[in-house]
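The structure appears right after this line, and notes come after that.
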Amino acid sequence: MKELATIRNDIVGSLLRPAELKAARVNFDEGRLSREELRQVEDLHIRDAVKLQEEIGLSVVTDGEFRRLNFQDSFGESVSGYDAGKPSLHFYEKRVEGGSPLRRWEIPDGGEQKGTAVAQRRPVLEKIGLGRNVPAEEFGFLRSVASRPGKVALIGPDRISQRFDWQNSLAVYSGLDEFVADVVKVERKIISGLIDAGCRYVQIDAPGYTAYVDPPSLAAMRGRGEDPQENFSRSLKADNAMLAGFDDVTFGIHLCRGNQRSMWHREGTYDEIAERLLNELNFDRFLFEYDSPRAGGFEPLRFLPKGKVIVLGLVSTKVAALENVDDLKRRIDLAAKHVPLDQIAISPQCGFSSDVVGNLISPDDQKRKLELVVETARQVWG
């Protein structure tokens with residue numbers, strides 16, 4: 001049994017960026033701080049983030065994704081070949097302007113600034129390749145300062161393919177099949193580097209899977225000349241190809257409906273996709289967002305195979321209001337009507353800061369919510 005496959009409390013990945021870290025990033029973007037000076041500030045705050053998570057009692061810890069401006073940088077900043085812009089804090093602040101908290105937000109693909117790879121739909125200039133294994137570098141420092149196991153989140157092939165401007169890349173790739181095959185090759189190299197660095201829990205962030213139950217997203221795919229079911233099947237196969245042969249690593253996959261500045265950009269329950277997701281994907285842990293009515297009920301969890309764990313994202317990272325243990329235990333009991341209790345765990349519904357802007361809650365709210373996850377798990381599973 002993989003030692004991390006059945007832990008009862010979990011964390012999705014990102015944490016709110018401290019003000020000092022944001023200021024350092026602005027100074028770096030504007031040439032007033034060197035990369036080494038920025039790294040020193042990042043190191044300081046990562047140490048604090050790890051200490052916070054360990055004191056709270058989380059079973060695994062992350063670096064808060066403090067070296068990333070966006071959760072998709074795990075791929076976008078590692079890969080070569082894209083026609084993409086240079087990331088900056090200002091770019092991500094401008095990106096969410098005009099959006100309203102707890103409302104649907106449409107990801108902007110235009111603007112005066114060339115977007116970053118994956119965060120915006122960009123074409124390629126040449127076939128993609130691994131330029132630098134950014135996640136492995138991140139994990140090296142995390143492991144050096146953590147006493148508990150560390151986990152690393154990578155953006156998955158489905159989201160990468162949805163954020164690829166294949167129509168303007170046909171001189172390089174014949175279509176999505178050829179492109180996704182190269183994505184899998186790059187991701188496998190990243191995972192190999194993480195394993196060599198000692199990582200034993202890799203999470204794949206796959207927010208794009210909820211696009212297959214979201215009418216506007218389905219319409220957008222069809223408008224680009226894509227078949228949504230073909231896309232879905234391709235992505236399932238790509239995820240499994242990415243994991244193949246890495247038998248000693250715990251793999252989780254996280255699904256949500258968008259998480260920028262307390263906003264969202266998908267609707268739709270798991271009902272239409274759960275059977276294929278849970279039965280065809282070779283992940284150990286499925287981290288499903290379950291903090292709002294948009295996620296629907298727990299009935300689709302009946303498809304979870306034996307030996308797998310569903311991690312219920314019951315604690316919202318979007319709002320400051322704190323859930324309570326009794327309500328969370330009741331929701332776990334409801335889920336246990338469809339899947340055995342020993343195949344359930346609990347986590348926040350998403351990261352607290354999927355990009356550098358962060359959700360509209362305070363560091364104290366974040367701390368209390370993580371404590372609540374740990375305490376609920378303790379009361380339910382001991």
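Following the order of the structure tokens, chains are lettered A, B, ..., residues in each are numbered from 1, and ligands are numbered from 1.
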Within 12 Å of Asn133 of chain A, counting only C-alpha atoms, which residues show up once you throw out same-chain ones fewer than 5 positions away? Write them as a compact mmCIF listing (two decimals) with C-alpha atoms, in the first residue's frame, please.
```
# COMPACT_ATOMS: atom_id res chain seq x y z
CA ASP A 73 3.03 27.61 -14.24
CA SER A 74 4.03 24.03 -13.32
CA PHE A 75 3.84 23.39 -17.07
CA GLY A 76 3.84 26.85 -18.62
CA GLU A 77 7.13 27.87 -17.01
CA SER A 78 8.78 24.50 -17.60
CA VAL A 79 8.05 23.99 -21.27
CA SER A 80 9.66 25.42 -24.38
CA GLU A 138 10.38 23.65 -6.18
CA PHE A 139 10.15 20.29 -4.45
CA GLY A 140 13.88 20.18 -3.72
CA LEU A 154 0.94 19.72 -11.81
CA VAL A 186 6.95 16.42 -21.09
CA GLU A 187 4.79 15.64 -18.06
CA ARG A 188 6.43 12.24 -17.63
CA LYS A 189 9.85 13.90 -17.57
CA ILE A 190 8.61 16.33 -14.93
CA ILE A 191 7.23 13.47 -12.82
CA SER A 192 10.46 11.48 -13.20
CA GLY A 193 12.40 14.48 -11.92
CA LEU A 194 10.04 14.83 -8.96
CA ILE A 195 10.47 11.17 -8.08
CA ASP A 196 14.25 11.49 -8.31
CA ALA A 197 13.99 14.44 -5.91
```
- Which of segment 149-346 of chain A counts as alpha helix (DSSP H) under DSSP, as a PyMOL selection string please? chain A and resi 157-162+176-196+215-223+228-243+274-280+325-335
Writing out the chosen residues with C-alpha atoms as a PDB file, in the first residue's frame:
```
ATOM      1  CA  PRO A 157      -3.087  17.255 -20.083  1.00  0.00           C
ATOM      2  CA  ASP A 158      -6.796  18.035 -20.356  1.00  0.00           C
ATOM      3  CA  ARG A 159      -6.416  21.644 -19.216  1.00  0.00           C
ATOM      4  CA  ILE A 160      -3.237  22.081 -21.275  1.00  0.00           C
ATOM      5  CA  SER A 161      -4.990  20.883 -24.420  1.00  0.00           C
ATOM      6  CA  GLN A 162      -7.999  23.130 -23.795  1.00  0.00           C
ATOM      7  CA  LEU A 176      -4.644  17.805 -30.752  1.00  0.00           C
ATOM      8  CA  ASP A 177      -3.687  14.110 -30.818  1.00  0.00           C
ATOM      9  CA  GLU A 178      -0.112  14.878 -31.823  1.00  0.00           C
ATOM     10  CA  PHE A 179       0.146  17.810 -29.413  1.00  0.00           C
ATOM     11  CA  VAL A 180      -1.212  15.872 -26.421  1.00  0.00           C
ATOM     12  CA  ALA A 181       1.250  13.047 -27.096  1.00  0.00           C
ATOM     13  CA  ASP A 182       4.067  15.576 -26.628  1.00  0.00           C
ATOM     14  CA  VAL A 183       2.378  16.968 -23.509  1.00  0.00           C
ATOM     15  CA  VAL A 184       2.436  13.480 -21.991  1.00  0.00           C
ATOM     16  CA  LYS A 185       6.153  13.117 -22.810  1.00  0.00           C
ATOM     17  CA  VAL A 186       6.954  16.417 -21.089  1.00  0.00           C
ATOM     18  CA  GLU A 187       4.790  15.638 -18.060  1.00  0.00           C
ATOM     19  CA  ARG A 188       6.435  12.236 -17.628  1.00  0.00           C
ATOM     20  CA  LYS A 189       9.849  13.902 -17.573  1.00  0.00           C
ATOM     21  CA  ILE A 190       8.614  16.332 -14.926  1.00  0.00           C
ATOM     22  CA  ILE A 191       7.231  13.472 -12.815  1.00  0.00           C
ATOM     23  CA  SER A 192      10.455  11.481 -13.197  1.00  0.00           C
ATOM     24  CA  GLY A 193      12.397  14.481 -11.919  1.00  0.00           C
ATOM     25  CA  LEU A 194      10.045  14.835  -8.957  1.00  0.00           C
ATOM     26  CA  ILE A 195      10.471  11.166  -8.081  1.00  0.00           C
ATOM     27  CA  ASP A 196      14.252  11.490  -8.306  1.00  0.00           C
ATOM     28  CA  PRO A 215     -22.908  24.140 -21.572  1.00  0.00           C
ATOM     29  CA  PRO A 216     -20.922  27.301 -22.490  1.00  0.00           C
ATOM     30  CA  SER A 217     -17.644  25.353 -22.392  1.00  0.00           C
ATOM     31  CA  LEU A 218     -19.101  22.611 -24.574  1.00  0.00           C
ATOM     32  CA  ALA A 219     -20.330  25.248 -27.028  1.00  0.00           C
ATOM     33  CA  ALA A 220     -16.865  26.811 -27.111  1.00  0.00           C
ATOM     34  CA  MET A 221     -15.279  23.453 -27.961  1.00  0.00           C
ATOM     35  CA  ARG A 222     -17.755  22.873 -30.768  1.00  0.00           C
ATOM     36  CA  GLY A 223     -17.166  26.414 -31.982  1.00  0.00           C
ATOM     37  CA  PRO A 228     -16.200  17.286 -26.717  1.00  0.00           C
ATOM     38  CA  GLN A 229     -16.510  13.514 -26.291  1.00  0.00           C
ATOM     39  CA  GLU A 230     -13.398  12.974 -28.377  1.00  0.00           C
ATOM     40  CA  ASN A 231     -11.592  15.536 -26.222  1.00  0.00           C
ATOM     41  CA  PHE A 232     -12.795  13.822 -23.040  1.00  0.00           C
ATOM     42  CA  SER A 233     -11.662  10.374 -24.187  1.00  0.00           C
ATOM     43  CA  ARG A 234      -8.302  11.723 -25.355  1.00  0.00           C
ATOM     44  CA  SER A 235      -7.704  13.350 -21.975  1.00  0.00           C
ATOM     45  CA  LEU A 236      -8.573  10.213 -19.996  1.00  0.00           C
ATOM     46  CA  LYS A 237      -6.065   8.227 -22.057  1.00  0.00           C
ATOM     47  CA  ALA A 238      -3.450  10.965 -21.721  1.00  0.00           C
ATOM     48  CA  ASP A 239      -3.757  11.037 -17.924  1.00  0.00           C
ATOM     49  CA  ASN A 240      -3.234   7.290 -17.721  1.00  0.00           C
ATOM     50  CA  ALA A 241      -0.307   7.387 -20.129  1.00  0.00           C
ATOM     51  CA  MET A 242       1.249  10.091 -17.971  1.00  0.00           C
ATOM     52  CA  LEU A 243       1.076   7.909 -14.835  1.00  0.00           C
ATOM     53  CA  ALA A 274     -18.199  10.444 -12.833  1.00  0.00           C
ATOM     54  CA  GLU A 275     -18.533   6.855 -14.057  1.00  0.00           C
ATOM     55  CA  ARG A 276     -15.810   7.238 -16.672  1.00  0.00           C
ATOM     56  CA  LEU A 277     -13.579   9.425 -14.507  1.00  0.00           C
ATOM     57  CA  LEU A 278     -13.673   7.156 -11.477  1.00  0.00           C
ATOM     58  CA  ASN A 279     -13.410   3.865 -13.370  1.00  0.00           C
ATOM     59  CA  GLU A 280     -11.081   4.679 -16.242  1.00  0.00           C
ATOM     60  CA  VAL A 325     -17.389  20.338  12.306  1.00  0.00           C
ATOM     61  CA  ASP A 326     -20.894  19.007  12.877  1.00  0.00           C
ATOM     62  CA  ASP A 327     -22.134  20.151   9.466  1.00  0.00           C
ATOM     63  CA  LEU A 328     -19.064  18.679   7.775  1.00  0.00           C
ATOM     64  CA  LYS A 329     -19.565  15.377   9.589  1.00  0.00           C
ATOM     65  CA  ARG A 330     -23.176  15.296   8.417  1.00  0.00           C
ATOM     66  CA  ARG A 331     -22.063  15.822   4.829  1.00  0.00           C
ATOM     67  CA  ILE A 332     -19.500  13.049   5.167  1.00  0.00           C
ATOM     68  CA  ASP A 333     -22.264  10.787   6.478  1.00  0.00           C
ATOM     69  CA  LEU A 334     -24.329  11.618   3.387  1.00  0.00           C
ATOM     70  CA  ALA A 335     -21.406  10.747   1.133  1.00  0.00           C
TER      71      ALA A 335
END
```
- Which one is closest to Leu301 of chain A: A:His254, A:Lys318, A:Arg132, A:Lys337? Count only C-alpha atoms. A:Lys337
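Straight-line separation from atom CA of Arg266 of chain A to atom CA of Pro135 of chain A: 26.9 Å.
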